[in-house]
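For reference, work_32.pdb (PDB, C-alpha atoms, pLDDT in the B column):
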```
MODEL        1
ATOM      1  CA  MET Z   1       3.494  23.845  18.283  1.00 42.00           C
ATOM      2  CA  THR Z   2      -0.177  23.275  19.055  1.00 54.00           C
ATOM      3  CA  HIS Z   3      -0.585  22.424  22.722  1.00 63.00           C
ATOM      4  CA  HIS Z   4      -2.831  19.367  22.878  1.00 93.00           C
ATOM      5  CA  ASN Z   5      -4.894  18.520  25.952  1.00 98.00           C
ATOM      6  CA  ILE Z   6      -5.139  14.855  26.917  1.00 98.00           C
ATOM      7  CA  LEU Z   7      -7.058  13.359  29.824  1.00 98.00           C
ATOM      8  CA  ALA Z   8      -6.525  10.321  32.042  1.00 98.00           C
ATOM      9  CA  LEU Z   9      -9.126   8.812  34.348  1.00 98.00           C
ATOM     10  CA  SER Z  10      -6.979   6.617  36.536  1.00 97.00           C
ATOM     11  CA  GLY Z  11      -5.927   5.651  40.020  1.00 96.00           C
ATOM     12  CA  ASN Z  12      -3.015   6.556  42.235  1.00 96.00           C
ATOM     13  CA  ASP Z  13      -0.239   3.998  42.642  1.00 93.00           C
ATOM     14  CA  ILE Z  14       1.232   4.718  46.065  1.00 93.00           C
ATOM     15  CA  PHE Z  15       4.640   3.548  44.785  1.00 92.00           C
ATOM     16  CA  SER Z  16       4.363   5.680  41.613  1.00 89.00           C
ATOM     17  CA  GLY Z  17       5.193   2.912  39.135  1.00 88.00           C
ATOM     18  CA  GLY Z  18       1.821   2.822  37.406  1.00 91.00           C
ATOM     19  CA  GLY Z  19      -1.563   4.500  37.366  1.00 94.00           C
ATOM     20  CA  LEU Z  20      -1.815   8.256  37.145  1.00 96.00           C
ATOM     21  CA  HIS Z  21       1.943   8.670  37.609  1.00 96.00           C
ATOM     22  CA  ALA Z  22       2.665   6.640  34.480  1.00 95.00           C
ATOM     23  CA  ASP Z  23      -0.095   8.431  32.570  1.00 97.00           C
ATOM     24  CA  LEU Z  24       1.075  11.965  33.319  1.00 97.00           C
ATOM     25  CA  ALA Z  25       4.735  11.078  32.829  1.00 95.00           C
ATOM     26  CA  THR Z  26       3.970   9.592  29.405  1.00 97.00           C
ATOM     27  CA  TYR Z  27       1.982  12.659  28.399  1.00 97.00           C
ATOM     28  CA  ALA Z  28       4.852  14.898  29.503  1.00 96.00           C
ATOM     29  CA  VAL Z  29       7.396  12.892  27.489  1.00 96.00           C
ATOM     30  CA  ASN Z  30       5.212  13.505  24.427  1.00 97.00           C
ATOM     31  CA  GLN Z  31       4.929  17.231  25.229  1.00 96.00           C
ATOM     32  CA  LEU Z  32       1.187  17.036  25.778  1.00 98.00           C
ATOM     33  CA  HIS Z  33      -0.817  18.868  28.445  1.00 98.00           C
ATOM     34  CA  GLY Z  34      -2.007  16.094  30.734  1.00 98.00           C
ATOM     35  CA  PHE Z  35      -5.232  16.407  32.736  1.00 98.00           C
ATOM     36  CA  LEU Z  36      -6.358  13.969  35.399  1.00 98.00           C
ATOM     37  CA  ALA Z  37      -9.435  12.771  37.266  1.00 98.00           C
ATOM     38  CA  VAL Z  38      -8.446  10.442  40.113  1.00 98.00           C
ATOM     39  CA  SER Z  39     -10.587   7.302  40.449  1.00 98.00           C
ATOM     40  CA  CYS Z  40      -8.966   5.689  43.479  1.00 97.00           C
ATOM     41  CA  LEU Z  41      -6.106   5.700  45.955  1.00 96.00           C
ATOM     42  CA  THR Z  42      -3.976   2.734  46.963  1.00 94.00           C
ATOM     43  CA  ALA Z  43      -2.130   1.748  50.103  1.00 95.00           C
ATOM     44  CA  LEU Z  44       0.015  -1.092  51.376  1.00 92.00           C
ATOM     45  CA  THR Z  45      -1.491  -2.193  54.702  1.00 92.00           C
ATOM     46  CA  ASP Z  46      -1.523  -5.262  56.907  1.00 91.00           C
ATOM     47  CA  LYS Z  47      -4.332  -6.491  54.629  1.00 85.00           C
ATOM     48  CA  GLY Z  48      -2.076  -6.275  51.597  1.00 88.00           C
ATOM     49  CA  PHE Z  49      -2.247  -3.868  48.666  1.00 87.00           C
ATOM     50  CA  GLU Z  50      -5.585  -2.077  48.944  1.00 91.00           C
ATOM     51  CA  VAL Z  51      -7.546  -0.151  46.336  1.00 92.00           C
ATOM     52  CA  ILE Z  52      -9.539   2.678  47.930  1.00 94.00           C
ATOM     53  CA  PRO Z  53     -12.201   4.102  45.576  1.00 96.00           C
ATOM     54  CA  ILE Z  54     -12.740   7.859  45.450  1.00 98.00           C
ATOM     55  CA  GLU Z  55     -16.244   8.693  46.648  1.00 98.00           C
ATOM     56  CA  LYS Z  56     -18.792   8.890  43.841  1.00 98.00           C
ATOM     57  CA  ASP Z  57     -19.669  12.562  44.459  1.00 98.00           C
ATOM     58  CA  ILE Z  58     -16.015  13.590  44.495  1.00 98.00           C
ATOM     59  CA  PHE Z  59     -15.246  11.715  41.278  1.00 98.00           C
ATOM     60  CA  LYS Z  60     -18.275  13.346  39.649  1.00 98.00           C
ATOM     61  CA  LYS Z  61     -17.114  16.804  40.737  1.00 98.00           C
ATOM     62  CA  GLN Z  62     -13.747  16.155  39.102  1.00 98.00           C
ATOM     63  CA  LEU Z  63     -15.374  15.148  35.827  1.00 98.00           C
ATOM     64  CA  ASP Z  64     -17.813  18.071  35.940  1.00 98.00           C
ATOM     65  CA  SER Z  65     -14.857  20.410  36.337  1.00 98.00           C
ATOM     66  CA  LEU Z  66     -13.366  19.100  33.078  1.00 98.00           C
ATOM     67  CA  LYS Z  67     -16.501  19.005  30.928  1.00 95.00           C
ATOM     68  CA  ASP Z  68     -15.633  22.113  28.903  1.00 96.00           C
ATOM     69  CA  VAL Z  69     -11.929  21.388  28.348  1.00 97.00           C
ATOM     70  CA  PRO Z  70     -11.210  20.584  24.678  1.00 97.00           C
ATOM     71  CA  PHE Z  71      -9.466  17.206  24.777  1.00 98.00           C
ATOM     72  CA  SER Z  72      -7.627  15.573  21.894  1.00 98.00           C
ATOM     73  CA  ALA Z  73      -7.807  12.107  23.497  1.00 98.00           C
ATOM     74  CA  ILE Z  74      -9.039  10.415  26.673  1.00 98.00           C
ATOM     75  CA  LYS Z  75      -7.448   7.390  28.347  1.00 98.00           C
ATOM     76  CA  LEU Z  76      -9.415   5.327  30.846  1.00 98.00           C
ATOM     77  CA  GLY Z  77      -7.451   3.294  33.369  1.00 97.00           C
ATOM     78  CA  LEU Z  78      -8.479   1.787  36.687  1.00 96.00           C
ATOM     79  CA  LEU Z  79     -12.158   2.454  37.411  1.00 96.00           C
ATOM     80  CA  PRO Z  80     -12.684   0.435  40.596  1.00 94.00           C
ATOM     81  CA  THR Z  81     -16.470   0.529  41.016  1.00 94.00           C
ATOM     82  CA  VAL Z  82     -19.615   0.296  38.921  1.00 95.00           C
ATOM     83  CA  ASP Z  83     -20.417   3.891  39.935  1.00 97.00           C
ATOM     84  CA  SER Z  84     -17.065   5.141  38.668  1.00 97.00           C
ATOM     85  CA  VAL Z  85     -17.582   3.381  35.327  1.00 97.00           C
ATOM     86  CA  ASP Z  86     -21.084   4.871  35.051  1.00 98.00           C
ATOM     87  CA  LEU Z  87     -19.738   8.376  35.641  1.00 98.00           C
ATOM     88  CA  ALA Z  88     -16.947   7.801  33.130  1.00 98.00           C
ATOM     89  CA  LEU Z  89     -19.522   6.592  30.596  1.00 98.00           C
ATOM     90  CA  ASP Z  90     -21.630   9.725  31.068  1.00 98.00           C
ATOM     91  CA  PHE Z  91     -18.519  11.846  30.523  1.00 98.00           C
ATOM     92  CA  ILE Z  92     -17.514   9.882  27.405  1.00 98.00           C
ATOM     93  CA  LYS Z  93     -21.006  10.224  25.916  1.00 97.00           C
ATOM     94  CA  ASP Z  94     -20.531  13.992  26.092  1.00 97.00           C
ATOM     95  CA  HIS Z  95     -17.178  13.634  24.276  1.00 97.00           C
ATOM     96  CA  LYS Z  96     -18.108  11.163  21.544  1.00 94.00           C
ATOM     97  CA  ASP Z  97     -15.832  12.746  18.961  1.00 95.00           C
ATOM     98  CA  VAL Z  98     -12.723  12.433  21.143  1.00 98.00           C
ATOM     99  CA  PRO Z  99     -10.532   9.325  20.615  1.00 98.00           C
ATOM    100  CA  LEU Z 100     -10.931   6.971  23.588  1.00 98.00           C
ATOM    101  CA  ILE Z 101      -8.238   4.540  24.701  1.00 98.00           C
ATOM    102  CA  LEU Z 102      -9.697   2.044  27.166  1.00 98.00           C
ATOM    103  CA  ASP Z 103      -7.419  -0.008  29.396  1.00 97.00           C
ATOM    104  CA  PRO Z 104     -10.017  -2.284  31.064  1.00 96.00           C
ATOM    105  CA  VAL Z 105      -8.218  -2.981  34.339  1.00 92.00           C
ATOM    106  CA  LEU Z 106      -9.974  -5.882  36.053  1.00 87.00           C
ATOM    107  CA  VAL Z 107      -7.500  -8.407  37.337  1.00 67.00           C
ATOM    108  CA  CYS Z 108      -5.993  -6.434  40.220  1.00 63.00           C
ATOM    109  CA  LYS Z 109      -9.424  -6.198  41.814  1.00 50.00           C
ATOM    110  CA  GLU Z 110      -9.889  -9.934  42.302  1.00 49.00           C
ATOM    111  CA  ASP Z 111      -8.180  -9.626  45.672  1.00 49.00           C
ATOM    112  CA  HIS Z 112     -10.091  -6.549  46.788  1.00 44.00           C
ATOM    113  CA  ASP Z 113     -13.666  -7.801  47.307  1.00 46.00           C
ATOM    114  CA  VAL Z 114     -14.940  -6.092  44.165  1.00 51.00           C
ATOM    115  CA  GLU Z 115     -17.702  -7.763  42.199  1.00 75.00           C
ATOM    116  CA  VAL Z 116     -15.692  -8.383  39.068  1.00 85.00           C
ATOM    117  CA  ASN Z 117     -18.628  -9.633  36.990  1.00 87.00           C
ATOM    118  CA  ALA Z 118     -20.731  -6.528  37.680  1.00 90.00           C
ATOM    119  CA  LEU Z 119     -17.749  -4.331  36.864  1.00 93.00           C
ATOM    120  CA  ARG Z 120     -17.070  -6.319  33.705  1.00 94.00           C
ATOM    121  CA  ASP Z 121     -20.650  -5.848  32.502  1.00 94.00           C
ATOM    122  CA  GLU Z 122     -20.401  -2.116  33.110  1.00 95.00           C
ATOM    123  CA  LEU Z 123     -17.035  -1.775  31.384  1.00 96.00           C
ATOM    124  CA  LEU Z 124     -18.446  -3.453  28.289  1.00 97.00           C
ATOM    125  CA  LYS Z 125     -20.813  -0.475  27.915  1.00 97.00           C
ATOM    126  CA  LEU Z 126     -17.745   1.652  27.132  1.00 98.00           C
ATOM    127  CA  PHE Z 127     -16.648  -0.517  24.201  1.00 98.00           C
ATOM    128  CA  PRO Z 128     -18.835   1.120  21.523  1.00 98.00           C
ATOM    129  CA  TYR Z 129     -17.083   4.423  22.257  1.00 98.00           C
ATOM    130  CA  ALA Z 130     -13.537   3.031  22.269  1.00 98.00           C
ATOM    131  CA  THR Z 131     -10.989   3.769  19.577  1.00 98.00           C
ATOM    132  CA  ILE Z 132      -8.690   1.129  21.077  1.00 98.00           C
ATOM    133  CA  VAL Z 133      -9.107  -1.302  23.971  1.00 98.00           C
ATOM    134  CA  THR Z 134      -5.959  -2.758  25.555  1.00 98.00           C
ATOM    135  CA  PRO Z 135      -6.740  -5.722  27.852  1.00 96.00           C
ATOM    136  CA  ASN Z 136      -4.015  -8.075  28.971  1.00 94.00           C
ATOM    137  CA  LEU Z 137      -4.590 -11.797  28.634  1.00 93.00           C
ATOM    138  CA  PRO Z 138      -6.294 -12.395  32.032  1.00 92.00           C
ATOM    139  CA  GLU Z 139      -8.511  -9.344  31.443  1.00 94.00           C
ATOM    140  CA  ALA Z 140      -9.431 -10.648  27.991  1.00 95.00           C
ATOM    141  CA  GLU Z 141     -10.443 -13.918  29.656  1.00 94.00           C
ATOM    142  CA  LEU Z 142     -12.642 -12.070  32.141  1.00 93.00           C
ATOM    143  CA  LEU Z 143     -14.192  -9.894  29.436  1.00 95.00           C
ATOM    144  CA  THR Z 144     -14.992 -12.808  27.126  1.00 95.00           C
ATOM    145  CA  GLN Z 145     -15.574 -15.275  29.982  1.00 93.00           C
ATOM    146  CA  LYS Z 146     -13.458 -17.816  28.110  1.00 94.00           C
ATOM    147  CA  GLN Z 147     -10.132 -19.419  28.876  1.00 95.00           C
ATOM    148  CA  ILE Z 148      -7.321 -18.413  26.515  1.00 95.00           C
ATOM    149  CA  THR Z 149      -4.471 -20.896  26.081  1.00 93.00           C
ATOM    150  CA  SER Z 150      -3.322 -20.451  22.463  1.00 92.00           C
ATOM    151  CA  LEU Z 151      -2.702 -17.787  19.842  1.00 92.00           C
ATOM    152  CA  ASP Z 152      -5.836 -18.845  17.960  1.00 94.00           C
ATOM    153  CA  GLU Z 153      -7.867 -18.298  21.126  1.00 95.00           C
ATOM    154  CA  VAL Z 154      -6.301 -14.855  21.563  1.00 96.00           C
ATOM    155  CA  LYS Z 155      -7.403 -13.999  18.028  1.00 96.00           C
ATOM    156  CA  ALA Z 156     -10.909 -15.288  18.721  1.00 97.00           C
ATOM    157  CA  ALA Z 157     -11.065 -13.137  21.861  1.00 97.00           C
ATOM    158  CA  ALA Z 158      -9.928 -10.087  19.887  1.00 98.00           C
ATOM    159  CA  LYS Z 159     -12.708 -10.697  17.355  1.00 98.00           C
ATOM    160  CA  GLU Z 160     -15.251 -11.018  20.138  1.00 98.00           C
ATOM    161  CA  LEU Z 161     -14.141  -7.779  21.827  1.00 98.00           C
ATOM    162  CA  HIS Z 162     -14.207  -5.986  18.476  1.00 98.00           C
ATOM    163  CA  ALA Z 163     -17.750  -7.231  17.916  1.00 98.00           C
ATOM    164  CA  LEU Z 164     -18.726  -5.569  21.202  1.00 97.00           C
ATOM    165  CA  GLY Z 165     -18.067  -2.201  19.569  1.00 97.00           C
ATOM    166  CA  ALA Z 166     -14.395  -1.325  19.954  1.00 97.00           C
ATOM    167  CA  GLN Z 167     -12.884   0.010  16.721  1.00 98.00           C
ATOM    168  CA  THR Z 168      -9.570  -1.736  17.339  1.00 98.00           C
ATOM    169  CA  VAL Z 169      -8.333  -4.247  19.920  1.00 98.00           C
ATOM    170  CA  VAL Z 170      -4.859  -5.053  21.185  1.00 98.00           C
ATOM    171  CA  ILE Z 171      -4.566  -7.983  23.588  1.00 97.00           C
ATOM    172  CA  LYS Z 172      -1.361  -7.880  25.600  1.00 93.00           C
ATOM    173  CA  GLY Z 173      -0.277 -11.483  25.721  1.00 84.00           C
ATOM    174  CA  GLY Z 174       2.990 -10.892  27.516  1.00 76.00           C
ATOM    175  CA  ASN Z 175       4.915 -14.131  27.940  1.00 73.00           C
ATOM    176  CA  ARG Z 176       1.983 -16.147  29.240  1.00 74.00           C
ATOM    177  CA  LEU Z 177       1.800 -18.422  26.204  1.00 79.00           C
ATOM    178  CA  ASP Z 178       5.542 -18.508  25.488  1.00 77.00           C
ATOM    179  CA  LYS Z 179       8.021 -17.906  28.298  1.00 74.00           C
ATOM    180  CA  ASN Z 180      10.729 -16.884  25.828  1.00 77.00           C
ATOM    181  CA  LYS Z 181       8.970 -13.975  24.133  1.00 82.00           C
ATOM    182  CA  ALA Z 182       6.378 -11.311  24.762  1.00 83.00           C
ATOM    183  CA  PHE Z 183       3.657 -10.794  22.189  1.00 88.00           C
ATOM    184  CA  ASP Z 184       0.628  -8.609  21.560  1.00 94.00           C
ATOM    185  CA  VAL Z 185      -2.206  -9.240  19.100  1.00 96.00           C
ATOM    186  CA  PHE Z 186      -3.657  -6.238  17.254  1.00 98.00           C
ATOM    187  CA  TYR Z 187      -6.977  -6.520  15.419  1.00 98.00           C
ATOM    188  CA  ASP Z 188      -8.745  -3.796  13.426  1.00 97.00           C
ATOM    189  CA  GLY Z 189     -11.812  -5.743  12.362  1.00 97.00           C
ATOM    190  CA  LYS Z 190     -10.131  -7.043   9.212  1.00 96.00           C
ATOM    191  CA  ASP Z 191      -6.536  -8.013   9.815  1.00 96.00           C
ATOM    192  CA  PHE Z 192      -4.405  -9.319  12.669  1.00 97.00           C
ATOM    193  CA  THR Z 193      -0.928  -8.064  13.461  1.00 96.00           C
ATOM    194  CA  ILE Z 194       1.270 -10.051  15.853  1.00 95.00           C
ATOM    195  CA  LEU Z 195       3.838  -7.915  17.655  1.00 93.00           C
ATOM    196  CA  GLU Z 196       6.638  -9.906  19.257  1.00 88.00           C
ATOM    197  CA  GLY Z 197       9.505  -8.870  21.489  1.00 83.00           C
ATOM    198  CA  PRO Z 198      11.944 -10.235  24.048  1.00 81.00           C
ATOM    199  CA  VAL Z 199      11.104 -10.856  27.690  1.00 80.00           C
ATOM    200  CA  TYR Z 200      12.939  -8.484  30.036  1.00 80.00           C
ATOM    201  CA  PRO Z 201      13.825  -9.455  33.609  1.00 77.00           C
ATOM    202  CA  GLN Z 202      13.298  -5.957  35.012  1.00 79.00           C
ATOM    203  CA  ASN Z 203      10.279  -4.827  37.037  1.00 76.00           C
ATOM    204  CA  ASN Z 204       7.417  -4.107  34.607  1.00 80.00           C
ATOM    205  CA  THR Z 205       4.985  -2.475  37.061  1.00 80.00           C
ATOM    206  CA  GLY Z 206       3.204   0.297  35.177  1.00 84.00           C
ATOM    207  CA  ALA Z 207       3.890  -1.148  31.739  1.00 88.00           C
ATOM    208  CA  GLY Z 208       0.199  -1.523  30.894  1.00 91.00           C
ATOM    209  CA  CYS Z 209      -0.627   2.022  31.996  1.00 95.00           C
ATOM    210  CA  THR Z 210       2.322   3.415  30.058  1.00 95.00           C
ATOM    211  CA  PHE Z 211       1.354   1.394  26.984  1.00 95.00           C
ATOM    212  CA  ALA Z 212      -2.209   2.742  26.900  1.00 97.00           C
ATOM    213  CA  SER Z 213      -1.097   6.310  27.646  1.00 98.00           C
ATOM    214  CA  SER Z 214       1.538   6.132  24.946  1.00 97.00           C
ATOM    215  CA  ILE Z 215      -1.051   4.895  22.437  1.00 98.00           C
ATOM    216  CA  ALA Z 216      -3.328   7.791  23.403  1.00 98.00           C
ATOM    217  CA  SER Z 217      -0.454  10.242  23.026  1.00 98.00           C
ATOM    218  CA  GLN Z 218       0.503   8.918  19.607  1.00 98.00           C
ATOM    219  CA  ILE Z 219      -3.101   9.113  18.414  1.00 98.00           C
ATOM    220  CA  VAL Z 220      -3.091  12.784  19.440  1.00 98.00           C
ATOM    221  CA  LEU Z 221       0.162  13.265  17.524  1.00 97.00           C
ATOM    222  CA  GLY Z 222      -1.393  11.925  14.328  1.00 97.00           C
ATOM    223  CA  LYS Z 223      -0.536   8.238  14.180  1.00 98.00           C
ATOM    224  CA  THR Z 224      -3.049   5.602  13.141  1.00 97.00           C
ATOM    225  CA  PRO Z 225      -4.074   3.044  15.787  1.00 97.00           C
ATOM    226  CA  ALA Z 226      -1.755   0.431  14.252  1.00 96.00           C
ATOM    227  CA  GLU Z 227       1.163   2.873  14.156  1.00 97.00           C
ATOM    228  CA  ALA Z 228       0.437   4.051  17.696  1.00 98.00           C
ATOM    229  CA  VAL Z 229       0.381   0.484  19.053  1.00 97.00           C
ATOM    230  CA  ARG Z 230       3.617  -0.508  17.312  1.00 96.00           C
ATOM    231  CA  TYR Z 231       5.402   2.644  18.491  1.00 96.00           C
ATOM    232  CA  SER Z 232       4.111   2.194  22.042  1.00 96.00           C
ATOM    233  CA  LYS Z 233       5.218  -1.438  22.287  1.00 94.00           C
ATOM    234  CA  ASP Z 234       8.761  -0.350  21.432  1.00 91.00           C
ATOM    235  CA  TYR Z 235       8.546   2.581  23.829  1.00 92.00           C
ATOM    236  CA  VAL Z 236       7.395   0.417  26.732  1.00 91.00           C
ATOM    237  CA  ALA Z 237      10.135  -2.137  26.034  1.00 86.00           C
ATOM    238  CA  GLN Z 238      12.730   0.618  26.404  1.00 89.00           C
ATOM    239  CA  ALA Z 239      11.013   1.970  29.524  1.00 86.00           C
ATOM    240  CA  ILE Z 240      10.991  -1.470  31.186  1.00 83.00           C
ATOM    241  CA  GLN Z 241      14.728  -1.774  30.621  1.00 86.00           C
ATOM    242  CA  LYS Z 242      15.175   1.450  32.616  1.00 83.00           C
ATOM    243  CA  SER Z 243      12.826   0.427  35.436  1.00 82.00           C
ATOM    244  CA  ASP Z 244      13.765   0.471  39.117  1.00 83.00           C
ATOM    245  CA  ASP Z 245      12.386  -1.287  42.191  1.00 81.00           C
ATOM    246  CA  TYR Z 246       9.105   0.670  41.918  1.00 80.00           C
ATOM    247  CA  GLY Z 247       8.331   0.195  38.254  1.00 80.00           C
ATOM    248  CA  VAL Z 248       8.694   1.497  34.737  1.00 79.00           C
ATOM    249  CA  LEU Z 249      10.582   4.745  34.187  1.00 73.00           C
ATOM    250  CA  GLN Z 250       9.965   7.287  31.424  1.00 73.00           C
ATOM    251  CA  PHE Z 251      12.828   8.623  29.328  1.00 67.00           C
TER     252      PHE Z 251
ENDMDL
END
```
Represent the supplied structure as structure tokens.
Amino acid sequence: MTHHNILALSGNDIFSGGGLHADLATYAVNQLHGFLAVSCLTALTDKGFEVIPIEKDIFKKQLDSLKDVPFSAIKLGLLPTVDSVDLALDFIKDHKDVPLILDPVLVCKEDHDVEVNALRDELLKLFPYATIVTPNLPEAELLTQKQITSLDEVKAAAKELHALGAQTVVIKGGNRLDKNKAFDVFYDGKDFTILEGPVYPQNNTGAGCTFASSIASQIVLGKTPAEAVRYSKDYVAQAIQKSDDYGVLQF
């Protein structure tokens, strides 16, 4: 078997449910060689759950160390500062032929004194390089700067994000529009696919990270974006059902 290299740029979840832990675990399940550049640390303090960005120079040194590794896909997760997005963009520009799965994590930073609008504007610069972008519904609202309250508005948001340069878009609707089912909307520039599933009561921390990392893994393994998204939705549903108090478990 060819040993594929796959990279994650993501943060550390101190409780190991999401972030880099989910990324590397997903890569391992798919028998891929996972590489990592750490963008931030997290901690639970008397101030709440804190995101602690890795210093710019240290993040750059990590990326510089990986510049000559032949990657089959790159997944971008939590990039907590404009500087970290800029460095990621420079790295991606040097790897234009590598499939890029962008999980534009924005919402968790609203409580951490980060200038969300500046970060949003910087993240949008990554869209022309993205094979797939995977925002959840609140992130799609922040990216489009429009409220989303219906399926038609989700579709309109997907079209708008595709027009910004992403080859394909999947908006993770969850159960925000219908409490009785979870849905995602996939758009490839021509057609929409609505993926529905049940709502599970278990802890789903790390589901978004696992979803994006699974999509990246399946792209490496030869699936089309649509096939990779469908497979990954099913995979994450099974992983959520096995979750514990700290988040989604791989299997």
How big is the axis-aligned box, and where does its centre sit, when it encloses all atoms of stretch 57-73 of chain Z listed in the file and has 6 Å added on every side, reported in Å to one decimal as AutoDock Vina command-line options?
```
--center_x -13.6 --center_y 16.9 --center_z 33.2 --size_x 24.0 --size_y 22.4 --size_z 34.6
```
Within 12 Å of (-12.5, 24.1, 25.0) (file coordinates; all atoms listed in the file), which protein or nucleic acid residues are there? I'd like them as a CSV table (one decimal) with C-alpha atoms, in the frame of the given file.
```csv
chain,number,residue,atom,x,y,z
Z,4,HIS,CA,-2.8,19.4,22.9
Z,5,ASN,CA,-4.9,18.5,26.0
Z,6,ILE,CA,-5.1,14.9,26.9
Z,66,LEU,CA,-13.4,19.1,33.1
Z,67,LYS,CA,-16.5,19.0,30.9
Z,68,ASP,CA,-15.6,22.1,28.9
Z,69,VAL,CA,-11.9,21.4,28.3
Z,70,PRO,CA,-11.2,20.6,24.7
Z,71,PHE,CA,-9.5,17.2,24.8
Z,72,SER,CA,-7.6,15.6,21.9
Z,95,HIS,CA,-17.2,13.6,24.3
```
What's around Z:Val105 at 10 Å? Count all atoms listed in the file, leave out sequence neighbours fewer than 6 positions away in its own chain, and write the answer as number ranges by chain. Z: 10, 76-80, 119-120, 123, 134-136, 138-139, 208-209
Using the chain letters and numbers from the file, which residues does the PyMOL selection byres ((chain Z and resi 98) around 10) grab, as a PyMOL selection string? chain Z and resi 6+70-74+92-97+99-101+129-131+220
Selected residue of minimal separation from Z:Leu177 among Z:Ala118, Z:Leu137, Z:Val85, Z:Ile14, counting only C-alpha atoms: Z:Leu137
List the residues sitting within 10 Å of (-22.1, -0.4, 32.7) in the file's frame, using all atoms listed in the file, as a list in words.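 The residues near that point, listed by chain and number, are Val82, Asp83, Ser84, Val85, Asp86, Leu87, Ala88, Leu89, Ala118, Leu119, Arg120, Asp121, Glu122, Leu123, Leu124, Lys125 and Leu126 of chain Z.
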Using only C-alpha atoms, please write the residues we just selected to a file, as a PDB file, keeping the file's coordinate frame.
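Saved to selection-v4.pdb:
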```
ATOM      1  CA  VAL Z  82     -19.615   0.296  38.921  1.00 95.00           C
ATOM      2  CA  ASP Z  83     -20.417   3.891  39.935  1.00 97.00           C
ATOM      3  CA  SER Z  84     -17.065   5.141  38.668  1.00 97.00           C
ATOM      4  CA  VAL Z  85     -17.582   3.381  35.327  1.00 97.00           C
ATOM      5  CA  ASP Z  86     -21.084   4.871  35.051  1.00 98.00           C
ATOM      6  CA  LEU Z  87     -19.738   8.376  35.641  1.00 98.00           C
ATOM      7  CA  ALA Z  88     -16.947   7.801  33.130  1.00 98.00           C
ATOM      8  CA  LEU Z  89     -19.522   6.592  30.596  1.00 98.00           C
ATOM      9  CA  ALA Z 118     -20.731  -6.528  37.680  1.00 90.00           C
ATOM     10  CA  LEU Z 119     -17.749  -4.331  36.864  1.00 93.00           C
ATOM     11  CA  ARG Z 120     -17.070  -6.319  33.705  1.00 94.00           C
ATOM     12  CA  ASP Z 121     -20.650  -5.848  32.502  1.00 94.00           C
ATOM     13  CA  GLU Z 122     -20.401  -2.116  33.110  1.00 95.00           C
ATOM     14  CA  LEU Z 123     -17.035  -1.775  31.384  1.00 96.00           C
ATOM     15  CA  LEU Z 124     -18.446  -3.453  28.289  1.00 97.00           C
ATOM     16  CA  LYS Z 125     -20.813  -0.475  27.915  1.00 97.00           C
ATOM     17  CA  LEU Z 126     -17.745   1.652  27.132  1.00 98.00           C
TER      18      LEU Z 126
END
```
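The two atoms in question, atom CA of Z:Asp178 and atom CA of Z:Phe49, are spaced 28.5 Å apart.
Atom CA of Z:Gln238 sits 29.5 Å away from atom CA of Z:Phe127.
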On this structure, which residues satisfy the PyMOL selection byres ((chain Z and resi 58) around 12), written as an NGL selection string? :Z and (37-40 or 53-57 or 59-65 or 83-84 or 87)
Atom CA of Z:Ala157 and atom CA of Z:Val185, how far apart in Å? 10.1 Å
Once the PyMOL selection byres ((chain Z and resi 27) around 10) is applied to the coordinates I shared, what remains selected? I want it as a count of residues only. 24
Please determine, counting all atoms listed in the file, which residue among Z:Gln202, Z:Ser243, Z:Thr168, Z:Asn175 has the shortest atom-to-atom distance to Z:Val133. Z:Thr168
Determine the nearest neighbour of Z:Ile132 from the options Z:Ser150, Z:Thr42, Z:Asn12, Z:Thr224, counting all atoms listed in the file.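 The shortest atom-to-atom distance to Z:Ile132 comes from Z:Thr224.
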Find, counting only C-alpha atoms, the residue in Z:Gly222, Z:Glu227, Z:Ala239, Z:Glu141 that gets nearest to Z:Asn117.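 The closest residue to Z:Asn117 is Z:Glu141.
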Using all atoms listed in the file, find each residue of stretch 104-167 of chain Z with at least one atom at most 8 Å away from an atom of stretch 188-201 of chain Z; report its shortest atom-to-atom pair and that distance in Å (one decimal), sort the rows by chain and rising residue number, and return the result as a tab-separated table.
```
residue	atom	partner	partner_atom	distance
Z:Lys155	CA	Z:Phe192	CA	7.7
Z:Lys159	CA	Z:Gly189	CA	7.1
Z:His162	CA	Z:Gly189	CA	6.6
Z:Gln167	CA	Z:Asp188	CA	6.5
```
Selected residue, from Z:Leu36, Z:Ile52, Z:Ala156, Z:Ala212, that lies nearest to Z:Pro104 when counting all atoms listed in the file: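 So, comparing all the options, the nearest one is Z:Ala212.
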